[in-house]
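First comes the structure, then the notes that go with it.
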Amino acid sequence: MRIFKKSLSHELISTAGAVFLILIGIVIAQRAGYFVQLAAKGILPNDAINTLLGFNMVKFLPMILSLSIFLAVLLTLTRWHRDSEMVIWFSSGLSITQWIRPILTFALPVIVVITLLSLLVMPWAIQKGQDYRVQLKSRDELSSISPGVFKESNGGDRVYFIESFDELGNVVKNIFVQSTQHQKTGVIVSSLGSREKVKNGDNFLVMQKGRRYEGKPNSAEISTTEFERYAIRIQAKEAVPEPYTKQAMPTKQLLQDSDSGNKAELQWRLAIPISALILVLLAIPLSFVDPRAGRSLNLIFAVVIYIIYNNMLSIFQAWVTQGKLNAMIGLWPVHFIFLMLAFYLFYRRNHLLPLTPKFLTNISNIWKRA
């Protein structure tokens, strides 16, 4: 008995770690690609990618942990079924319900971490992410320029292009600035420039040893001026802080406010650890492998249940927010439905009944024949 539990615990931890790293890698790749795309378009500064990516990872961490322990239990017990190790367990007189305790011993510490992340850390990360976005909006024009991308000024009267920055971001190389003043269009080119701040707090882009071309639209007359030093004042932006979204509000504030949207958000935060617990229980009977139905059918069935569970939670949360559903009822019916499903699956497995619907088994058989 102890050998089984020790082996189970070791395999659950290693599988959960591997699944967690894979999911983290997928989320990082997806979010990093999105932020890099924004930076390439000049919407987001390059130096903001890592910070926003960090806040996003903290935001998604509770869901990633929940899915990790669900898949870890499912994959581990599926392998034990496939390799006939479960036969030894059942032949010794033990039932499937006696797997609950060792599985919960592994899962409960992770669920406690998920609860703390969902109630405390996740709203903090979302709030800091929103604050950081406001700071980005309040940056001056030069700070928001990405190398190799044309950037229009706030007033639309200038277009900047900078080929590259130095490591500290103060020295710029190969500068192009187009401006419109007094119905004249001017173009300034310089191979080197720097950022300077004067005593009154104004920022300037100082270019050295360049040329300025100026002319009127629809006119062939163009004047050329060479300069040793040319300074352009960089306009600062004033970003008005926006009110925090429901997701960014601290849990304590949600408890104090009786607004339906706040109640829906609070129940969603509680739903993450509760659903993690129910999914772990569901993974025990779902791990059974029916040789006639194929090795991967139970995994497909489990993933479908996970998707339906999360979508139903989102729908009920939207109903509570819109006032279509009483906040006292909230998301609890969804948890009750899937908890009853877990009890039903345990009952079927105790009576050695197949878990997969007949039509799924038939589809698998047709696929094998094809």
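Labels used: A, B, ... for chains in the order of the structure tokens, numbers from 1 for residues in each chain, and numbers from 1 for ligands as shown.
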
Selection near A:Ser275, 9 Å with only C-alpha atoms, sequence-local residues under 3 positions removed, as a list of chain:residue names: A:Ser66, A:Leu270, A:Ala271, A:Ile272, A:Ile278, A:Leu279, A:Val280, A:Tyr309, A:Asn310, A:His335, A:Phe338

For those residues, write N, CA and C atoms to a file as a JSON list (two decimals), in the first residue's frame.
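And here is the file that came out, part.json:
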```json
[["chain", "number", "residue", "atom", "x", "y", "z"],
["A", 66, "SER", "N", -4.58, 24.90, -12.30],
["A", 66, "SER", "CA", -5.78, 24.07, -12.26],
["A", 66, "SER", "C", -5.76, 23.01, -13.36],
["A", 270, "LEU", "N", -13.70, 32.55, -6.74],
["A", 270, "LEU", "CA", -13.89, 31.36, -5.93],
["A", 270, "LEU", "C", -14.07, 30.12, -6.80],
["A", 271, "ALA", "N", -14.61, 30.32, -8.00],
["A", 271, "ALA", "CA", -14.88, 29.18, -8.87],
["A", 271, "ALA", "C", -13.60, 28.52, -9.37],
["A", 272, "ILE", "N", -12.51, 29.26, -9.45],
["A", 272, "ILE", "CA", -11.26, 28.69, -9.99],
["A", 272, "ILE", "C", -10.74, 27.57, -9.09],
["A", 278, "ILE", "N", -13.02, 19.86, -8.13],
["A", 278, "ILE", "CA", -13.98, 18.97, -8.77],
["A", 278, "ILE", "C", -13.36, 18.28, -9.99],
["A", 279, "LEU", "N", -12.55, 19.00, -10.75],
["A", 279, "LEU", "CA", -11.90, 18.39, -11.91],
["A", 279, "LEU", "C", -10.93, 17.29, -11.50],
["A", 280, "VAL", "N", -10.24, 17.47, -10.38],
["A", 280, "VAL", "CA", -9.33, 16.41, -9.90],
["A", 280, "VAL", "C", -10.12, 15.15, -9.55],
["A", 309, "TYR", "N", -17.20, 22.84, -18.76],
["A", 309, "TYR", "CA", -17.22, 23.35, -17.39],
["A", 309, "TYR", "C", -16.86, 24.84, -17.37],
["A", 310, "ASN", "N", -15.75, 25.20, -18.00],
["A", 310, "ASN", "CA", -15.30, 26.60, -17.99],
["A", 310, "ASN", "C", -16.25, 27.51, -18.76],
["A", 335, "HIS", "N", -21.15, 24.12, -10.43],
["A", 335, "HIS", "CA", -20.32, 23.25, -9.59],
["A", 335, "HIS", "C", -21.12, 22.02, -9.16],
["A", 338, "PHE", "N", -21.42, 19.35, -12.04],
["A", 338, "PHE", "CA", -20.21, 18.57, -12.30],
["A", 338, "PHE", "C", -19.78, 17.74, -11.10]]
```

Spatial neighbours of stretch 124-128 of chain A, max dist 8 Å, only C-alpha atoms, sep filter under 2 positions, as a list in words: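 Answer for this query is Phe55, Asn56, Val58, Lys59, Leu120, Val121, Met122, Gln130, Asp131, Tyr132, Tyr244, Gln247, Ala248, Met249 and Pro250 of chain A.
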
Contacts of A:Arg229 within 9 Å, only C-alpha atoms, excl. fewer than 4 positions in-chain, as an NGL selection string: :A and (206-210)

Neighbour list for A:Asn262 as a VMD selection string, cut-off 12 Å, only C-alpha atoms, skip fewer than 4 positions in-chain: chain A and resid 245 to 258 266 to 269 317 to 318 320 to 323 327 330

Between atom CA of A:Ile103 and atom CA of A:Ser7, distance in Å (one decimal):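 About the pair atom CA of A:Ile103 and atom CA of A:Ser7: they are 12.0 Å apart.
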
Contacts of A:Ile111 at 8 Å (only C-alpha atoms; same-chain gap of 3+ positions) as a PyMOL selection string: chain A and resi 66+107-108+114-115+273+276-277

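In this structure, atom CA of A:Thr180 sits 17.8 Å away from atom CA of A:Phe204.
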
All strand (DSSP E or B) positions in stretch 209-355 of chain A, as a ChimeraX atom specification: /A:209-215,222-234

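Relative to atom CA of A:Val159, atom CA of A:Lys216 is found at 16.9 Å.
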
Name all residues at most 10 Å from A:Ile284 (count only C-alpha atoms; drop same-chain ones fewer than 6 positions away) and give them as a short mmCIF file (atom, residue, chain, number, x, y, z; two decimals) with N, CA and C atoms, in the first residue's frame.
```cif
data_model
loop_
_atom_site.label_atom_id
_atom_site.label_comp_id
_atom_site.auth_asym_id
_atom_site.auth_seq_id
_atom_site.Cartn_x
_atom_site.Cartn_y
_atom_site.Cartn_z
N PHE A 70 -5.22 18.71 -13.05
CA PHE A 70 -6.26 17.88 -13.68
C PHE A 70 -5.64 16.92 -14.68
N VAL A 73 -3.31 14.14 -12.94
CA VAL A 73 -4.05 12.99 -12.38
C VAL A 73 -4.58 12.12 -13.51
N LEU A 74 -5.13 12.75 -14.53
CA LEU A 74 -5.72 12.00 -15.64
C LEU A 74 -4.66 11.17 -16.38
N LEU A 75 -3.53 11.79 -16.72
CA LEU A 75 -2.49 11.10 -17.47
C LEU A 75 -1.83 9.99 -16.65
N THR A 76 -1.60 10.26 -15.36
CA THR A 76 -0.96 9.27 -14.51
C THR A 76 -1.83 8.03 -14.34
N LEU A 77 -3.09 8.22 -13.98
CA LEU A 77 -3.98 7.07 -13.77
C LEU A 77 -4.30 6.37 -15.09
N THR A 78 -4.34 7.11 -16.19
CA THR A 78 -4.54 6.48 -17.50
C THR A 78 -3.40 5.52 -17.82
N ILE A 96 -12.12 1.98 -6.38
CA ILE A 96 -11.65 3.22 -7.00
C ILE A 96 -11.81 4.42 -6.08
N THR A 97 -12.79 4.35 -5.16
CA THR A 97 -12.99 5.46 -4.22
C THR A 97 -11.82 5.64 -3.26
N TRP A 99 -8.87 5.79 -4.09
CA TRP A 99 -7.87 6.63 -4.73
C TRP A 99 -8.07 8.10 -4.37
N ILE A 100 -9.23 8.42 -3.84
CA ILE A 100 -9.54 9.83 -3.58
C ILE A 100 -8.55 10.44 -2.58
N ILE A 103 -4.98 11.05 -3.98
CA ILE A 103 -5.04 12.08 -5.02
C ILE A 103 -5.22 13.46 -4.39
N ALA A 342 -19.32 13.72 -11.18
CA ALA A 342 -18.22 12.96 -10.58
C ALA A 342 -18.74 11.78 -9.77
N LEU A 345 -19.95 9.08 -12.17
CA LEU A 345 -18.86 8.33 -12.80
C LEU A 345 -18.20 7.37 -11.81
N PHE A 346 -18.07 7.78 -10.56
CA PHE A 346 -17.55 6.87 -9.53
C PHE A 346 -18.48 5.67 -9.37
N ARG A 349 -17.99 3.30 -12.32
CA ARG A 349 -16.73 2.56 -12.24
C ARG A 349 -16.76 1.51 -11.14
#
```

Non-local contacts of A:Lys324 (12 Å; only C-alpha atoms; under 5 positions in same chain excluded) as number ranges by chain: A: 260-261, 264, 315-319, 329-330
